[in-house]
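Structure below is my_file12.json: JSON, C-alpha atoms.
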[["chain", "number", "residue", "atom", "x", "y", "z"],
["A", 1, "LEU", "CA", -7.67, -0.46, 10.70],
["A", 2, "PRO", "CA", -5.27, -1.47, 7.96],
["A", 3, "LEU", "CA", -6.79, -0.91, 4.54],
["A", 4, "LEU", "CA", -6.84, -4.59, 3.62],
["A", 5, "GLU", "CA", -8.66, -5.58, 6.82],
["A", 6, "LEU", "CA", -11.16, -2.75, 6.35],
["A", 7, "GLY", "CA", -11.86, -3.92, 2.80],
["A", 8, "HIS", "CA", -12.49, -7.48, 3.97],
["A", 9, "ARG", "CA", -14.93, -6.26, 6.63],
["A", 10, "LEU", "CA", -16.77, -4.05, 4.17],
["A", 11, "ARG", "CA", -17.03, -6.83, 1.58],
["A", 12, "ALA", "CA", -18.64, -9.03, 4.21],
["A", 13, "GLY", "CA", -21.52, -6.52, 4.22],
["A", 14, "SER", "CA", -23.01, -4.57, 1.37],
["A", 15, "THR", "CA", -20.85, -1.47, 1.73],
["A", 16, "ALA", "CA", -18.65, -0.28, -1.12],
["A", 17, "LEU", "CA", -15.18, 1.13, -0.47],
["A", 18, "LEU", "CA", -14.26, 4.52, -1.96],
["A", 19, "VAL", "CA", -10.67, 5.60, -1.41],
["A", 20, "LEU", "CA", -9.48, 9.20, -1.23],
["A", 21, "ALA", "CA", -5.88, 9.09, -2.37],
["A", 22, "ALA", "CA", -3.06, 11.54, -2.87],
["A", 23, "THR", "CA", -1.50, 11.37, -6.31],
["A", 24, "GLY", "CA", 1.95, 9.87, -6.51],
["A", 25, "ARG", "CA", 1.17, 7.04, -4.07],
["A", 26, "PRO", "CA", 0.89, 3.89, -6.21],
["A", 27, "GLY", "CA", 1.33, 1.63, -3.20],
["A", 28, "LEU", "CA", -1.85, 3.00, -1.64],
["A", 29, "VAL", "CA", -3.75, 2.38, -4.87],
["A", 30, "ARG", "CA", -2.45, -1.18, -4.95],
["A", 31, "ARG", "CA", -3.43, -1.86, -1.33],
["A", 32, "ALA", "CA", -6.87, -0.34, -1.95],
["A", 33, "THR", "CA", -7.33, -2.57, -4.98],
["A", 34, "GLU", "CA", -6.34, -5.62, -2.95],
["A", 35, "ALA", "CA", -8.88, -4.52, -0.31],
["A", 36, "GLY", "CA", -11.61, -4.51, -2.94],
["A", 37, "ALA", "CA", -12.14, -0.78, -3.42],
["A", 38, "LEU", "CA", -14.61, 0.19, -6.12],
["A", 39, "GLY", "CA", -13.84, 3.88, -6.26],
["A", 40, "TYR", "CA", -10.69, 5.96, -6.27],
["A", 41, "VAL", "CA", -10.75, 9.73, -6.15],
["A", 42, "SER", "CA", -7.98, 12.25, -5.64],
["A", 43, "LYS", "CA", -7.89, 14.13, -2.34],
["A", 44, "ASP", "CA", -7.61, 17.26, -4.47],
["A", 45, "ALA", "CA", -10.76, 16.51, -6.49],
["A", 46, "ASP", "CA", -13.38, 19.22, -6.78],
["A", 47, "PRO", "CA", -16.66, 18.63, -4.89],
["A", 48, "ASP", "CA", -18.57, 17.67, -8.06],
["A", 49, "ARG", "CA", -16.09, 14.91, -8.89],
["A", 50, "LEU", "CA", -16.18, 13.65, -5.31],
["A", 51, "ALA", "CA", -19.98, 13.59, -5.33],
["A", 52, "LYS", "CA", -19.98, 11.69, -8.63],
["A", 53, "ALA", "CA", -17.50, 9.16, -7.21],
["A", 54, "ILE", "CA", -19.66, 8.64, -4.12],
["A", 55, "ARG", "CA", -22.83, 8.14, -6.20],
["A", 56, "MET", "CA", -21.20, 5.73, -8.66],
["A", 57, "THR", "CA", -19.50, 3.68, -5.96],
["A", 58, "ALA", "CA", -22.68, 3.52, -3.87],
["A", 59, "GLU", "CA", -24.50, 2.16, -6.95],
["A", 60, "GLY", "CA", -21.85, -0.56, -7.28],
["A", 61, "HIS", "CA", -20.02, 0.97, -10.25],
["A", 62, "ARG", "CA", -16.27, 1.46, -10.45],
["A", 63, "TYR", "CA", -14.98, 5.05, -10.43],
["A", 64, "VAL", "CA", -11.37, 6.03, -11.09],
["A", 65, "ASP", "CA", -10.34, 9.68, -10.97],
["A", 66, "GLU", "CA", -8.28, 10.41, -14.09],
["A", 67, "THR", "CA", -5.58, 12.12, -12.02],
["A", 68, "LEU", "CA", -4.88, 8.75, -10.36],
["A", 69, "ALA", "CA", -4.41, 6.87, -13.65],
["A", 70, "PRO", "CA", -0.58, 7.08, -13.55],
["A", 71, "ASP", "CA", -0.66, 5.61, -10.04],
["A", 72, "PHE", "CA", -2.58, 2.60, -11.36],
["A", 73, "LEU", "CA", 0.11, 2.05, -13.96],
["A", 74, "HIS", "CA", 2.86, 2.21, -11.35],
["A", 75, "ALA", "CA", 0.92, 0.15, -8.79],
["A", 76, "ALA", "CA", 1.50, -2.98, -10.82],
["A", 77, "THR", "CA", 5.25, -2.44, -10.71],
["A", 78, "ILE", "CA", 5.91, -2.50, -6.96],
["A", 79, "PRO", "CA", 9.17, -4.45, -6.85],
["A", 80, "LEU", "CA", 8.67, -5.99, -3.40],
["A", 81, "THR", "CA", 6.92, -9.23, -2.53],
["A", 82, "PRO", "CA", 4.22, -9.25, 0.16],
["A", 83, "ARG", "CA", 6.68, -10.85, 2.61],
["A", 84, "GLU", "CA", 9.32, -8.19, 1.84],
["A", 85, "LEU", "CA", 6.70, -5.48, 2.40],
["A", 86, "HIS", "CA", 5.79, -7.08, 5.72],
["A", 87, "VAL", "CA", 9.43, -7.17, 6.83],
["A", 88, "LEU", "CA", 9.86, -3.56, 5.69],
["A", 89, "SER", "CA", 6.76, -2.44, 7.61],
["A", 90, "LEU", "CA", 8.18, -4.03, 10.76],
["A", 91, "ILE", "CA", 11.46, -2.21, 10.16],
["A", 92, "ALA", "CA", 9.47, 1.01, 9.78],
["A", 93, "ASP", "CA", 7.80, 0.26, 13.13],
["A", 94, "GLY", "CA", 11.26, 0.13, 14.72],
["A", 95, "CYS", "CA", 11.69, -3.62, 15.05],
["A", 96, "SER", "CA", 15.19, -5.03, 15.06],
["A", 97, "PRO", "CA", 16.08, -7.97, 12.80],
["A", 98, "THR", "CA", 15.94, -10.25, 15.84],
["A", 99, "GLU", "CA", 12.45, -9.01, 16.76],
["A", 100, "ILE", "CA", 11.31, -9.48, 13.15],
["A", 101, "ALA", "CA", 12.70, -13.01, 13.12],
["A", 102, "ASP", "CA", 10.84, -13.83, 16.33],
["A", 103, "ARG", "CA", 7.54, -12.29, 15.15],
["A", 104, "LEU", "CA", 7.60, -13.97, 11.75],
["A", 105, "HIS", "CA", 9.11, -17.25, 12.97],
["A", 106, "LEU", "CA", 12.13, -16.89, 10.69],
["A", 107, "SER", "CA", 15.84, -17.21, 11.26],
["A", 108, "ARG", "CA", 17.85, -14.02, 11.63],
["A", 109, "GLY", "CA", 19.72, -14.96, 8.45],
["A", 110, "THR", "CA", 16.46, -15.12, 6.50],
["A", 111, "VAL", "CA", 15.49, -11.70, 7.82],
["A", 112, "ARG", "CA", 18.91, -10.35, 6.78],
["A", 113, "ASN", "CA", 18.27, -11.77, 3.30],
["A", 114, "TYR", "CA", 14.87, -10.05, 3.14],
["A", 115, "VAL", "CA", 16.40, -6.75, 4.28],
["A", 116, "ALA", "CA", 19.15, -7.06, 1.66],
["A", 117, "ALA", "CA", 16.58, -7.81, -1.05],
["A", 118, "VAL", "CA", 14.43, -4.84, 0.00],
["A", 119, "THR", "CA", 17.46, -2.54, 0.00],
["A", 120, "ARG", "CA", 18.57, -3.75, -3.42],
["A", 121, "LYS", "CA", 15.10, -3.66, -5.02],
["A", 122, "THR", "CA", 14.34, -0.14, -3.77],
["A", 123, "GLY", "CA", 17.78, 1.18, -4.72],
["A", 124, "ALA", "CA", 18.29, 2.29, -1.12],
["A", 125, "ARG", "CA", 21.59, 2.84, 0.65],
["A", 126, "ASN", "CA", 20.39, 1.06, 3.81],
["A", 127, "ARG", "CA", 17.19, -0.10, 5.50],
["A", 128, "VAL", "CA", 16.31, 3.36, 6.79],
["A", 129, "ASP", "CA", 16.57, 4.70, 3.24],
["A", 130, "ALA", "CA", 14.44, 1.75, 2.03],
["A", 131, "VAL", "CA", 11.73, 2.75, 4.51],
["A", 132, "ARG", "CA", 11.86, 6.36, 3.29],
["A", 133, "ILE", "CA", 11.67, 5.36, -0.38],
["A", 134, "SER", "CA", 8.83, 2.94, 0.27],
["A", 135, "ARG", "CA", 6.83, 5.47, 2.29],
["A", 136, "GLU", "CA", 7.22, 8.10, -0.39],
["A", 137, "ALA", "CA", 5.95, 5.60, -2.96],
["A", 138, "GLY", "CA", 3.05, 4.64, -0.69],
["A", 139, "TRP", "CA", 4.05, 0.98, -0.43],
["A", 140, "ILE", "CA", 4.01, 1.00, 3.37]]
What would you get if you wrote out this structure as structure tokens?
Amino acid sequence: LPLLELGHRLRAGSTALLVLAATGRPGLVRRATEAGALGYVSKDADPDRLAKAIRMTAEGHRYVDETLAPDFLHAATIPLTPRELHVLSLIADGCSPTEIADRLHLSRGTVRNYVAAVTRKTGARNRVDAVRISREAGWI
């Protein structure tokens, strides 16, 4: 399940969401926050820190691993809009601009504009490079 959908399902019940994240992936932290995660712990955390995060999150308290703090700072600076991220994720899935236009009920020109904006905002050379940059940042 996509992280956002999982978060919505968990919030419908009484389950708290704790995310294990690799450092240097601010996009993942942002998506987890949007999904309603209460806890964030590094995948490299020692067992004691992981246990503490599980206990605190289960009790309904927020837990943020200090090694993920820089990712929280960068998560707020993702340069792409939700629609641009959606277009980029479809590009990453191998969709052509025509297929994206059909799926999103947009004109091909609008899709071209989104692709150009994504390329410019990420500093990429082309859309393949934009996908690579965005994956490395954890945005998609």
Subject >> Of the listed residues A:Asp65, A:His74, A:Lys52, A:Pro47, that which approaches A:Ala21 most closely, counting all atoms listed in the file >> reply: A:Asp65
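Neighbours of A:Val19 closer than or equal to 7 Å, with only C-alpha atoms counted and sequence neighbours fewer than 5 positions away skipped, come out as Ala37, Gly39, Tyr40 and Val41 of chain A.
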Subject >> Who sits within 7 Å of A:Thr23, all atoms listed in the file, same chain under 3 positions skipped, as a list in words >> reply: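 The residues that qualify are Ser42, Leu68 and Asp71 of chain A.
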Original post:
By how many Å are atom CA of A:Gly138 and atom CA of A:Leu28 apart?
Top reply: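 Rounded to one decimal, the two atoms are 5.3 Å apart.
Using all atoms listed in the file, the smallest distance between any of A:Ile54, A:Leu20, A:Ala117, A:Val128 and A:Leu90 comes from A:Val128.
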Original post:
By how many Å are atom CA of A:Ala92 and atom CA of A:Ile133 apart?
Top reply: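 So the two atoms, atom CA of A:Ala92 and atom CA of A:Ile133, lie 11.3 Å apart.
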Original post:
When distances are computed from only C-alpha atoms, which of A:Ala45, A:Val118, A:Ala101, A:Leu18 shows the smallest separation from A:Thr67?
Top reply: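 Between A:Ala45, A:Val118, A:Ala101, A:Leu18, the residue approaching A:Thr67 most closely is A:Ala45.
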**OP:** Pick out the residues sitting within 12 Å of A:Glu136, and hand them over as a PyMOL selection string; count all atoms listed in the file, and ignore anything fewer than 2 positions along from it in its own chain.
**Re:** chain A and resi 22-28+122+129-134+138-140
Would you mind completing stretch 31-45 of chain A so that it carries N, CA, C and O atoms, and writing it out as a short mmCIF file (atom, residue, chain, number, x, y, z; two decimals), keeping the file's coordinate frame?
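Output file selection.cif is given in full below:
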data_model
loop_
_atom_site.label_atom_id
_atom_site.label_comp_id
_atom_site.auth_asym_id
_atom_site.auth_seq_id
_atom_site.Cartn_x
_atom_site.Cartn_y
_atom_site.Cartn_z
N ARG A 31 -2.83 -1.29 -2.54
CA ARG A 31 -3.43 -1.86 -1.33
C ARG A 31 -4.94 -1.68 -1.34
O ARG A 31 -5.68 -2.58 -0.92
N ALA A 32 -5.42 -0.56 -1.86
CA ALA A 32 -6.87 -0.34 -1.95
C ALA A 32 -7.50 -1.32 -2.92
O ALA A 32 -8.59 -1.85 -2.66
N THR A 33 -6.83 -1.60 -4.02
CA THR A 33 -7.33 -2.57 -4.98
C THR A 33 -7.40 -3.95 -4.35
O THR A 33 -8.41 -4.66 -4.50
N GLU A 34 -6.36 -4.32 -3.63
CA GLU A 34 -6.34 -5.62 -2.95
C GLU A 34 -7.44 -5.70 -1.89
O GLU A 34 -7.95 -6.79 -1.61
N ALA A 35 -7.82 -4.56 -1.32
CA ALA A 35 -8.88 -4.52 -0.31
C ALA A 35 -10.27 -4.54 -0.94
O ALA A 35 -11.26 -4.62 -0.23
N GLY A 36 -10.32 -4.44 -2.26
CA GLY A 36 -11.61 -4.51 -2.94
C GLY A 36 -12.30 -3.18 -3.16
O GLY A 36 -13.52 -3.13 -3.33
N ALA A 37 -11.54 -2.09 -3.19
CA ALA A 37 -12.14 -0.78 -3.42
C ALA A 37 -12.79 -0.71 -4.80
O ALA A 37 -12.28 -1.26 -5.76
N LEU A 38 -13.92 -0.04 -4.85
CA LEU A 38 -14.61 0.19 -6.12
C LEU A 38 -14.31 1.57 -6.69
O LEU A 38 -14.33 1.76 -7.89
N GLY A 39 -14.06 2.52 -5.80
CA GLY A 39 -13.84 3.88 -6.26
C GLY A 39 -12.53 4.46 -5.75
O GLY A 39 -12.09 4.13 -4.65
N TYR A 40 -11.95 5.30 -6.60
CA TYR A 40 -10.69 5.96 -6.27
C TYR A 40 -10.81 7.41 -6.72
O TYR A 40 -11.04 7.67 -7.89
N VAL A 41 -10.66 8.32 -5.79
CA VAL A 41 -10.75 9.73 -6.15
C VAL A 41 -9.61 10.47 -5.46
O VAL A 41 -9.21 10.13 -4.35
N SER A 42 -9.09 11.47 -6.16
CA SER A 42 -7.98 12.25 -5.64
C SER A 42 -8.45 13.10 -4.46
O SER A 42 -9.58 13.62 -4.46
N LYS A 43 -7.58 13.25 -3.47
CA LYS A 43 -7.89 14.13 -2.34
C LYS A 43 -8.08 15.57 -2.79
O LYS A 43 -8.71 16.36 -2.11
N ASP A 44 -7.51 15.90 -3.95
CA ASP A 44 -7.61 17.26 -4.47
C ASP A 44 -8.78 17.45 -5.43
O ASP A 44 -8.91 18.50 -6.05
N ALA A 45 -9.64 16.44 -5.55
CA ALA A 45 -10.76 16.51 -6.49
C ALA A 45 -11.75 17.60 -6.08
O ALA A 45 -11.96 17.86 -4.89
#
